[in-house]
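A.B. asks: So I've got this file, entry00.pdb, and it contains PDB, C-alpha atoms:
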```pdb
ATOM      1  CA  MET V  33     102.054  86.678 102.916
ATOM      2  CA  PRO V  34     101.967  83.801 105.378
ATOM      3  CA  ARG V  35     101.131  84.230 109.048
ATOM      4  CA  ASN V  36     103.771  83.292 111.599
ATOM      5  CA  PRO V  37     101.889  82.790 114.876
ATOM      6  CA  ASP V  38     104.668  80.547 116.243
ATOM      7  CA  GLY V  39     107.318  83.249 115.774
ATOM      8  CA  LEU V  40     109.609  81.188 113.554
ATOM      9  CA  ALA V  41     112.977  82.693 112.638
ATOM     10  CA  CYS V  42     112.932  85.375 109.941
ATOM     11  CA  ASP V  43     115.684  86.800 107.753
ATOM     12  CA  HIS V  44     116.070  89.192 104.818
ATOM     13  CA  ASN V  45     113.833  86.965 102.660
ATOM     14  CA  LEU V  46     111.112  86.379 105.242
ATOM     15  CA  PHE V  47     110.080  89.487 107.174
ATOM     16  CA  ARG V  48     108.297  89.633 110.501
ATOM     17  CA  LEU V  49     105.544  92.234 110.738
ATOM     18  CA  THR V  50     103.969  93.033 114.061
ATOM     19  CA  PRO V  51     100.757  95.057 114.033
ATOM     20  CA  LYS V  52     100.787  98.126 116.266
ATOM     21  CA  ASP V  53      97.003  98.090 116.516
ATOM     22  CA  PRO V  54      95.834  96.124 119.606
ATOM     23  CA  ASP V  55      92.459  95.518 117.919
ATOM     24  CA  ASP V  56      94.106  93.628 115.051
ATOM     25  CA  MET V  57      92.767  90.205 116.149
ATOM     26  CA  ASP V  58      96.214  88.585 116.515
ATOM     27  CA  GLY V  59      97.498  89.982 113.244
ATOM     28  CA  ARG V  60      94.728  88.495 111.119
ATOM     29  CA  VAL V  61      93.463  91.879 109.878
ATOM     30  CA  LEU V  62      96.943  92.883 108.711
ATOM     31  CA  THR V  63      97.508  89.424 107.197
ATOM     32  CA  GLY V  64      94.211  89.703 105.330
ATOM     33  CA  ILE V  65      95.156  93.114 103.945
ATOM     34  CA  LEU V  66      98.581  91.889 102.861
ATOM     35  CA  ASN V  67      96.988  88.945 101.037
ATOM     36  CA  CYS V  68      94.485  91.017  99.067
ATOM     37  CA  THR V  69      94.639  91.505  95.306
ATOM     38  CA  VAL V  70      95.648  95.170  95.503
ATOM     39  CA  THR V  71      98.667  94.363  97.673
ATOM     40  CA  ALA V  72      99.652  91.476  95.382
ATOM     41  CA  LEU V  73      99.577  93.854  92.412
ATOM     42  CA  ALA V  74     101.679  96.390  94.339
ATOM     43  CA  LYS V  75     104.329  93.722  94.862
ATOM     44  CA  HIS V  76     104.592  93.392  91.085
ATOM     45  CA  GLN V  77     104.955  97.153  90.786
ATOM     46  CA  PHE V  78     107.625  97.559  93.490
ATOM     47  CA  GLY V  79     109.279  94.117  93.651
ATOM     48  CA  ARG V  80     112.459  93.226  91.811
ATOM     49  CA  SER V  81     113.475  90.369  89.580
ATOM     50  CA  ASN V  82     115.262  87.612  91.462
ATOM     51  CA  VAL V  83     118.230  86.987  89.132
ATOM     52  CA  GLY V  84     116.036  85.803  86.287
ATOM     53  CA  GLU V  85     113.943  83.439  88.376
ATOM     54  CA  SER V  86     110.178  83.645  88.034
ATOM     55  CA  THR V  87     109.514  84.999  91.543
ATOM     56  CA  LEU V  88     109.832  88.567  92.730
ATOM     57  CA  LYS V  89     112.101  89.553  95.580
ATOM     58  CA  THR V  90     110.815  92.289  97.834
ATOM     59  CA  GLU V  91     113.341  94.168  99.953
ATOM     60  CA  VAL V  92     112.444  96.398 102.899
ATOM     61  CA  ILE V  93     112.968  99.504 100.745
ATOM     62  CA  ASP V  94     110.460  98.102  98.218
ATOM     63  CA  VAL V  95     107.878  97.378 100.896
ATOM     64  CA  SER V  96     108.196 100.892 102.308
ATOM     65  CA  LEU V  97     107.107 102.243  98.899
ATOM     66  CA  MET V  98     104.013 100.034  98.667
ATOM     67  CA  ARG V  99     100.612 101.538  99.435
ATOM     68  CA  VAL V 100      98.793  99.313 101.907
ATOM     69  CA  ALA V 101      95.415  99.899 103.540
ATOM     70  CA  ASP V 102      95.655 101.084 107.153
ATOM     71  CA  PRO V 103      93.687  98.678 109.371
ATOM     72  CA  ARG V 104      93.371 101.359 112.046
ATOM     73  CA  GLN V 105      91.107 103.294 109.687
ATOM     74  CA  MET V 106      88.691 100.366 109.224
ATOM     75  CA  THR V 107      85.400  99.948 110.989
ATOM     76  CA  ASN V 108      84.906  96.814 113.095
ATOM     77  CA  GLN V 109      82.531  95.489 110.429
ATOM     78  CA  VAL V 110      85.209  95.821 107.733
ATOM     79  CA  ARG V 111      87.776  94.198 110.027
ATOM     80  CA  ARG V 112      85.465  91.214 110.547
ATOM     81  CA  ARG V 113      84.950  90.901 106.787
ATOM     82  CA  VAL V 114      88.708  90.962 106.148
ATOM     83  CA  VAL V 115      89.276  88.244 108.776
ATOM     84  CA  ALA V 116      86.380  86.155 107.391
ATOM     85  CA  ALA V 117      87.880  86.373 103.883
ATOM     86  CA  LEU V 118      91.301  85.362 105.251
ATOM     87  CA  ASP V 119      89.739  82.413 107.091
ATOM     88  CA  ARG V 120      88.005  81.259 103.889
ATOM     89  CA  MET V 121      91.279  81.549 101.998
ATOM     90  CA  ALA V 122      93.084  79.550 104.702
ATOM     91  CA  ARG V 123      90.602  76.667 104.310
ATOM     92  CA  ARG V 124      91.251  76.302 100.572
ATOM     93  CA  GLU V 125      93.048  73.200  99.446
ATOM     94  CA  ILE V 126      96.621  73.932  98.462
ATOM     95  CA  GLY V 127      97.495  72.331  95.143
ATOM     96  CA  HIS V 128     100.586  72.116  93.009
ATOM     97  CA  LEU V 129     101.289  74.319  90.032
ATOM     98  CA  GLN V 130     102.285  71.326  87.941
ATOM     99  CA  ASP V 131      98.951  69.607  88.612
ATOM    100  CA  ASP V 132      97.148  72.727  87.434
ATOM    101  CA  LEU V 133      99.078  72.760  84.153
ATOM    102  CA  ASP V 134      98.255  69.166  83.177
TER     103      ASP V 134
END
```
Starting from the file, lay out its structure as structure tokens.

C.D. replies:
Amino acid sequence: MPRNPDGLACDHNLFRLTPKDPDDMDGRVLTGILNCTVTALAKHQFGRSNVGESTLKTEVIDVSLMRVADPRQMTNQVRRRVVAALDRMARREIGHLQDDLD
């Protein structure tokens, strides 16, 4: 799940999530949770095939079924660790799938 700090336009294929928790550090805690392995696996459980293409489409009804950790239940230490992990992930070099297959 990408962050959208600039508030770019969203539609039925790109959702906008706004954290209700004021201690969410500008949405980075929620973004970190939504980019964790458990959430990625849940997308495979609740997502739907996109007309035979290799990606999964996730509709609002699918997302409402997914179990996601509640950041409001986390301690400040856990929140900091989630944000630190997200920051490390954001610094990774983005490659191309084709390059990885060669």

A.B. asks: Just want the 12 Å neighbourhood of Asp43 in chain V, counted on all atoms listed in the file, with same-chain residues fewer than 6 positions away dropped. Output as a ChimeraX atom specification.

C.D. replies: /V:49,91-92

A.B. asks: Apply the PyMOL selection byres ((chain V and resi 79-82) around 12) to the file shown and report the selected residues as a list in words.

C.D. replies: Asn45, Thr71, Ala72, Leu73, Ala74, Lys75, His76, Gln77, Phe78, Val83, Gly84, Glu85, Ser86, Thr87, Leu88, Lys89, Thr90, Glu91, Val92, Ile93, Asp94, Val95, Ser96, Leu97 and Met98 of chain V

A.B. asks: To test your reading of the syntax: which residues would the PyMOL selection byres ((chain V and resi 53) around 12) return for the file shown? Reply as a list in words.

C.D. replies: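 When the PyMOL selection byres ((chain V and resi 53) around 12) is applied, the selected residues are Leu49, Thr50, Pro51, Lys52, Pro54, Asp55, Asp56, Met57, Asp58, Gly59, Arg60, Val61, Leu62, Asp102, Pro103, Arg104, Gln105, Met106 and Arg111 of chain V.
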
A.B. asks: Selection from above, C-alpha atoms, as a compact mmCIF listing (two decimals), keeping the file's coordinate frame, can you write it?

C.D. replies:
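And here is the file that came out, part39.txt:
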```
# COMPACT_ATOMS: atom_id res chain seq x y z
CA LEU V 49 105.54 92.23 110.74
CA THR V 50 103.97 93.03 114.06
CA PRO V 51 100.76 95.06 114.03
CA LYS V 52 100.79 98.13 116.27
CA PRO V 54 95.83 96.12 119.61
CA ASP V 55 92.46 95.52 117.92
CA ASP V 56 94.11 93.63 115.05
CA MET V 57 92.77 90.20 116.15
CA ASP V 58 96.21 88.58 116.52
CA GLY V 59 97.50 89.98 113.24
CA ARG V 60 94.73 88.50 111.12
CA VAL V 61 93.46 91.88 109.88
CA LEU V 62 96.94 92.88 108.71
CA ASP V 102 95.66 101.08 107.15
CA PRO V 103 93.69 98.68 109.37
CA ARG V 104 93.37 101.36 112.05
CA GLN V 105 91.11 103.29 109.69
CA MET V 106 88.69 100.37 109.22
CA ARG V 111 87.78 94.20 110.03
```

A.B. asks: Can you list what the PyMOL selection byres ((chain V and resi 35) around 9) grabs from this structure, as a ChimeraX atom specification?

C.D. replies: /V:33-34,36-38,59-60,63

A.B. asks: Draw an axis-aligned box tight on the listed atoms of range 107-123 of chain V, then pad every side by 4 Å and write out centre and edge lengths in Å to one decimal as lines of an AutoDock Vina configuration file.

C.D. replies:
```
center_x = 87.8
center_y = 88.3
center_z = 107.5
size_x = 18.6
size_y = 31.3
size_z = 19.1
```

A.B. asks: What is the CA of Val110 in chain V to CA of Glu125 in chain V distance in Å?

C.D. replies: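 Interatomic distance here is 25.3 Å.
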
A.B. asks: May I ask for the distance between CA of Ala41 in chain V and CA of Asn67 in chain V, given in Å to one decimal place?

C.D. replies: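 Answer for the CA of Ala41 in chain V to CA of Asn67 in chain V separation: 20.7 Å.
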
A.B. asks: Separation of CA of Phe47 in chain V and CA of Leu66 in chain V, in Å?

C.D. replies: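 CA of Leu66 in chain V lies 12.5 Å from CA of Phe47 in chain V.
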